[in-house]
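Below: protein05.txt (compact mmCIF, C-alpha atoms)
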```txt
# COMPACT_ATOMS: atom_id res chain seq x y z
CA MET P 1 -6.80 -16.01 69.19
CA LYS P 2 -5.06 -14.94 72.41
CA ARG P 3 -3.59 -17.65 74.60
CA ILE P 4 -4.96 -17.75 78.15
CA LEU P 5 -2.25 -18.31 80.76
CA PRO P 6 -3.01 -20.60 83.76
CA GLN P 7 -2.89 -17.70 86.24
CA ASP P 8 -5.26 -15.75 83.98
CA TRP P 9 -7.61 -18.74 83.74
CA ASN P 10 -7.82 -19.00 87.54
CA ARG P 11 -8.50 -15.28 87.89
CA ILE P 12 -11.06 -15.23 85.06
CA THR P 13 -13.00 -18.24 86.36
CA SER P 14 -13.05 -17.12 90.00
CA TYR P 15 -14.09 -13.54 89.22
CA GLY P 16 -16.49 -14.74 86.53
CA ALA P 17 -18.22 -17.12 88.93
CA MET P 18 -18.51 -14.38 91.56
CA ILE P 19 -19.95 -11.87 89.09
CA LEU P 20 -22.39 -14.46 87.71
CA PHE P 21 -23.48 -15.29 91.27
CA TYR P 22 -24.18 -11.61 92.01
CA PHE P 23 -26.22 -11.09 88.84
CA VAL P 24 -28.23 -14.33 88.98
CA PHE P 25 -29.03 -14.20 92.69
CA GLY P 26 -29.67 -10.45 92.55
CA LEU P 27 -32.17 -10.79 89.70
CA LEU P 28 -33.91 -13.80 91.28
CA LEU P 29 -34.26 -11.97 94.61
CA LEU P 30 -35.55 -8.88 92.83
CA LEU P 31 -38.05 -10.64 90.53
CA TRP P 32 -39.29 -13.62 92.62
CA PRO P 33 -38.32 -12.93 96.23
CA GLY P 34 -40.80 -15.19 98.05
CA ALA P 35 -40.37 -18.28 95.87
CA PHE P 36 -36.61 -17.80 95.72
CA LEU P 37 -36.27 -17.66 99.51
CA LYS P 38 -38.31 -20.83 99.98
CA ILE P 39 -36.31 -22.71 97.36
CA THR P 40 -33.02 -21.37 98.74
CA SER P 41 -33.94 -22.37 102.30
CA LEU P 42 -34.83 -25.88 101.17
CA CYS P 43 -31.66 -26.25 99.06
CA ILE P 44 -29.42 -25.00 101.87
CA ALA P 45 -31.14 -27.31 104.39
CA VAL P 46 -30.66 -30.34 102.11
CA LEU P 47 -27.05 -29.37 101.35
CA MET P 48 -26.20 -28.97 105.04
CA CYS P 49 -27.84 -32.28 105.95
CA VAL P 50 -26.12 -34.17 103.14
CA SER P 51 -22.70 -32.71 103.95
CA GLY P 52 -23.27 -33.37 107.65
CA ILE P 53 -24.21 -37.01 107.04
CA ARG P 54 -21.22 -37.42 104.71
CA CYS P 55 -18.86 -36.10 107.40
CA ILE P 56 -20.39 -38.39 110.05
CA ILE P 57 -20.12 -41.45 107.77
CA SER P 58 -16.53 -40.53 106.92
CA TYR P 59 -15.72 -40.28 110.64
CA VAL P 60 -17.33 -43.64 111.43
CA ARG P 61 -15.45 -45.34 108.57
CA SER P 62 -12.08 -43.82 109.53
CA SER P 63 -9.57 -45.40 111.89
CA ALA P 64 -9.41 -44.31 115.52
CA LEU P 65 -6.24 -42.30 114.84
CA GLU P 66 -7.66 -40.55 111.75
CA GLY P 67 -10.85 -39.75 113.67
CA ALA P 68 -8.92 -38.30 116.60
CA LEU P 69 -6.83 -36.11 114.29
CA GLY P 70 -9.81 -34.65 112.44
CA MET P 71 -12.98 -32.76 113.30
CA GLU P 72 -15.34 -34.61 110.96
CA LEU P 73 -17.78 -35.83 113.60
CA ALA P 74 -18.14 -32.38 115.18
CA LEU P 75 -18.45 -30.65 111.79
CA GLY P 76 -20.90 -33.28 110.57
CA LEU P 77 -23.13 -32.97 113.62
CA ALA P 78 -23.05 -29.16 113.43
CA ALA P 79 -23.91 -29.15 109.71
CA LEU P 80 -26.71 -31.68 110.26
CA CYS P 81 -28.19 -29.58 113.10
CA VAL P 82 -28.06 -26.39 111.00
CA GLY P 83 -29.71 -28.21 108.08
CA VAL P 84 -32.53 -29.57 110.27
CA LEU P 85 -33.04 -26.12 111.87
CA ILE P 86 -33.33 -24.41 108.48
CA PHE P 87 -35.65 -27.17 107.22
CA CYS P 88 -37.93 -26.86 110.29
CA PHE P 89 -37.72 -23.05 110.52
CA PRO P 90 -37.21 -21.64 106.99
CA GLU P 91 -37.84 -18.11 108.31
CA LEU P 92 -34.54 -18.44 110.17
CA LEU P 93 -32.66 -17.98 106.89
CA GLN P 94 -34.73 -14.89 106.10
CA ALA P 95 -33.85 -13.42 109.49
CA LEU P 96 -30.15 -14.12 108.91
CA LEU P 97 -30.16 -12.93 105.30
CA PRO P 98 -29.34 -9.24 105.94
CA PHE P 99 -26.35 -10.23 108.04
CA LEU P 100 -25.11 -12.81 105.51
CA TRP P 101 -25.49 -10.44 102.57
CA GLY P 102 -23.85 -7.67 104.57
CA ILE P 103 -20.84 -9.90 105.19
CA SER P 104 -20.81 -10.84 101.49
CA LEU P 105 -20.81 -7.17 100.47
CA LEU P 106 -18.00 -6.36 102.93
CA ILE P 107 -15.90 -9.21 101.50
CA GLY P 108 -16.62 -7.90 97.98
CA GLY P 109 -15.54 -4.43 99.14
CA PHE P 110 -12.23 -5.80 100.39
CA GLY P 111 -11.77 -7.55 97.04
CA LYS P 112 -12.26 -4.24 95.23
CA VAL P 113 -9.73 -2.57 97.56
CA GLN P 114 -7.16 -5.14 96.42
CA MET P 115 -8.07 -4.66 92.74
CA SER P 116 -7.75 -0.90 93.24
CA VAL P 117 -4.29 -1.29 94.80
CA ASP P 118 -3.29 -3.72 92.02
CA MET P 119 -4.37 -1.21 89.38
CA LYS P 120 -2.43 1.58 91.11
CA ARG P 121 0.66 -0.63 91.32
CA ILE P 122 0.61 -1.33 87.57
CA GLY P 123 0.16 2.35 86.78
CA ASP P 124 -3.56 2.73 86.02
CA SER P 125 -4.68 6.30 86.68
CA TYR P 126 -8.31 5.23 87.28
CA TRP P 127 -7.57 3.03 90.31
CA TRP P 128 -9.49 5.43 92.56
CA ILE P 129 -12.80 4.57 90.83
CA LEU P 130 -12.53 1.04 92.21
CA LEU P 131 -11.78 2.51 95.62
CA ILE P 132 -15.07 4.44 95.43
CA GLY P 133 -16.79 1.19 94.39
CA SER P 134 -15.36 -0.54 97.45
CA ALA P 135 -16.67 2.29 99.64
CA VAL P 136 -20.17 1.74 98.16
CA SER P 137 -19.88 -1.98 98.95
CA PHE P 138 -18.80 -1.19 102.52
CA VAL P 139 -21.70 1.22 103.04
CA LEU P 140 -24.27 -1.26 101.68
CA GLY P 141 -22.74 -4.08 103.73
CA VAL P 142 -22.68 -2.11 106.98
CA PHE P 143 -26.24 -0.91 106.35
CA ALA P 144 -27.44 -4.49 105.82
CA ILE P 145 -25.76 -5.65 109.04
CA THR P 146 -26.69 -2.76 111.32
CA GLN P 147 -30.24 -2.03 110.12
CA PRO P 148 -31.95 -5.43 109.82
CA THR P 149 -35.28 -4.20 111.23
CA PHE P 150 -35.42 -1.34 108.73
CA LEU P 151 -34.70 -3.80 105.96
CA ALA P 152 -37.30 -6.34 107.10
CA THR P 153 -40.00 -5.13 104.68
CA ALA P 154 -37.81 -4.37 101.68
CA MET P 155 -34.90 -6.61 102.61
CA ILE P 156 -35.15 -9.09 99.77
CA GLN P 157 -35.36 -6.39 97.10
CA PHE P 158 -32.54 -4.47 98.82
CA VAL P 159 -30.34 -7.57 98.78
CA GLY P 160 -31.21 -8.17 95.12
CA ILE P 161 -30.35 -4.60 94.14
CA SER P 162 -27.18 -4.70 96.26
CA LEU P 163 -26.03 -7.88 94.54
CA ILE P 164 -26.71 -6.42 91.09
CA VAL P 165 -24.80 -3.23 92.01
CA GLU P 166 -21.97 -5.40 93.33
CA GLY P 167 -22.00 -7.46 90.13
CA VAL P 168 -21.86 -4.36 87.89
CA GLN P 169 -19.00 -2.89 89.94
CA ASP P 170 -17.07 -6.15 89.86
CA LEU P 171 -17.63 -6.60 86.12
CA VAL P 172 -16.33 -3.09 85.36
CA ALA P 173 -13.40 -3.61 87.74
CA PHE P 174 -12.60 -7.00 86.24
CA ILE P 175 -12.63 -5.70 82.65
CA SER P 176 -10.46 -2.71 83.62
CA LEU P 177 -7.99 -4.83 85.57
CA ASN P 178 -7.69 -7.40 82.76
CA HIS P 179 -7.04 -4.63 80.24
CA ARG P 180 -4.35 -3.11 82.44
CA ILE P 181 -2.73 -6.50 83.09
CA ARG P 182 -2.55 -7.20 79.33
CA THR P 183 -1.07 -3.74 78.69
CA PHE P 184 1.41 -4.14 81.55
CA ARG P 185 2.41 -7.64 80.35
CA LYS P 186 2.98 -6.36 76.78
CA ALA P 187 5.18 -3.54 78.10
CA LEU P 188 7.24 -6.04 80.09
CA GLU P 189 7.61 -8.36 77.07
CA GLN P 190 8.68 -5.45 74.84
CA ALA P 191 11.23 -4.33 77.44
CA ALA P 192 12.59 -7.89 77.69
CA ASN P 193 12.83 -8.20 73.89
CA GLN P 194 14.74 -4.93 73.58
CA GLN P 195 17.45 -6.09 75.99
```
Output the structure of this file as structure tokens.
Amino acid sequence: MKRILPQDWNRITSYGAMILFYFVFGLLLLLWPGAFLKITSLCIAVLMCVSGIRCIISYVRSSALEGALGMELALGLAALCVGVLIFCFPELLQALLPFLWGISLLIGGFGKVQMSVDMKRIGDSYWWILLIGSAVSFVLGVFAITQPTFLATAMIQFVGISLIVEGVQDLVAFISLNHRIRTFRKALEQAANQQ
């Protein structure tokens, strides 16, 4: 069995969690859009309220100096307000969803640009495929941000499909990059052993 290095473990778990998020949320949005949005709105509202209250309590329990040096009260009040707004107006999250998913896709595109550059730097001749994948992420992200009215009717399914596409691209990129890293590491070890 191959030993997993700490830096590999961090990369595997972070990319794995991101890919799992894309697949799970994409499928849920595609299969049960209405129920998923209601549950998501409620969960986000509760999470924001709880984190806001925690920050406020932490501020109240801190010393005057610790309170003055931090931003816990302001962050807590802001999180609490956002949570209450989402709880009272769950359609607010649906209106913001195209923008949030667009930003998420743009960030994923930038991640694929880095993976593409990493693959080119270690000598993989297929690095450009990831660059095309990042362009697809950019196009989907910009479309989601700039065309929210067009997406209003099919937005949830669009976001679901976009997340699944993003997940597939990231999975392929991740497998390719891991293979190239292992090959590159073996070549370095063989070169070191020959010296």
Discussion item. With only C-alpha atoms as the counted atoms, please give the residues lying no more than 12 Å from P:Phe174, apart from itself and same-chain residues fewer than 2 positions off, as a PyMOL selection string.
Written reply: chain P and resi 8+11-19+111-112+114-116+118-119+127+130+166-172+176-181
Can those selected residues be exported to a file as a CSV table (one decimal), in the coordinates of the input so that it contains C-alpha atoms?
```
chain,number,residue,atom,x,y,z
P,8,ASP,CA,-5.3,-15.8,84.0
P,11,ARG,CA,-8.5,-15.3,87.9
P,12,ILE,CA,-11.1,-15.2,85.1
P,13,THR,CA,-13.0,-18.2,86.4
P,14,SER,CA,-13.0,-17.1,90.0
P,15,TYR,CA,-14.1,-13.5,89.2
P,16,GLY,CA,-16.5,-14.7,86.5
P,17,ALA,CA,-18.2,-17.1,88.9
P,18,MET,CA,-18.5,-14.4,91.6
P,19,ILE,CA,-20.0,-11.9,89.1
P,111,GLY,CA,-11.8,-7.6,97.0
P,112,LYS,CA,-12.3,-4.2,95.2
P,114,GLN,CA,-7.2,-5.1,96.4
P,115,MET,CA,-8.1,-4.7,92.7
P,116,SER,CA,-7.8,-0.9,93.2
P,118,ASP,CA,-3.3,-3.7,92.0
P,119,MET,CA,-4.4,-1.2,89.4
P,127,TRP,CA,-7.6,3.0,90.3
P,130,LEU,CA,-12.5,1.0,92.2
P,166,GLU,CA,-22.0,-5.4,93.3
P,167,GLY,CA,-22.0,-7.5,90.1
P,168,VAL,CA,-21.9,-4.4,87.9
P,169,GLN,CA,-19.0,-2.9,89.9
P,170,ASP,CA,-17.1,-6.2,89.9
P,171,LEU,CA,-17.6,-6.6,86.1
P,172,VAL,CA,-16.3,-3.1,85.4
P,176,SER,CA,-10.5,-2.7,83.6
P,177,LEU,CA,-8.0,-4.8,85.6
P,178,ASN,CA,-7.7,-7.4,82.8
P,179,HIS,CA,-7.0,-4.6,80.2
P,180,ARG,CA,-4.4,-3.1,82.4
P,181,ILE,CA,-2.7,-6.5,83.1
```
Practice prompt. Rank nothing, just name the residue among P:Ala144, P:Ile57, P:Val113, P:Met48 nearest to P:Trp128, using all atoms listed in the file.
Written response: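 Result for the nearest residue to P:Trp128: P:Val113.
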Practice prompt. With a distance cut-off of 8 Å and all atoms listed in the file, select the neighbouring residues of P:Lys38, excluding the residue or stretch itself and same-chain residues fewer than 4 positions from it, and output the selection as a PyMOL selection string.
Written response: chain P and resi 34+42+90
Discussion item. Ranking P:Trp32, P:Phe110, P:Tyr59, P:Phe25 by minimum distance to P:Leu75 and counting only C-alpha atoms, which one comes first?
Written reply: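 Under the stated criterion, the closest residue is P:Tyr59.
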Worksheet entry | Nearest-residue call for P:Cys81, choices P:Ile107, P:Leu140, P:Ile53, P:Asn193, using all atoms listed in the file |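 The answer is P:Ile53, which sits nearest to P:Cys81.
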Fill in: Closest of P:Pro33, P:Gly133, P:Gly52, P:Gly141 to P:Ser104 - atom-to-atom distances counting only C-alpha atoms
P:Gly141
Worksheet item: Between atom CA of P:Glu72 and atom CA of P:Val46, what is the spacing in Å?
Response: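 Computed distance, atom CA of P:Val46 to atom CA of P:Glu72, equals 18.2 Å.
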Practice prompt. Go through P:Gly76, P:Gly160, P:Gly83, P:Gly70 and flag the residue nearest P:Ile44, using all atoms listed in the file for the distances.
Written response: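 Closest to P:Ile44 of all the choices is P:Gly83.
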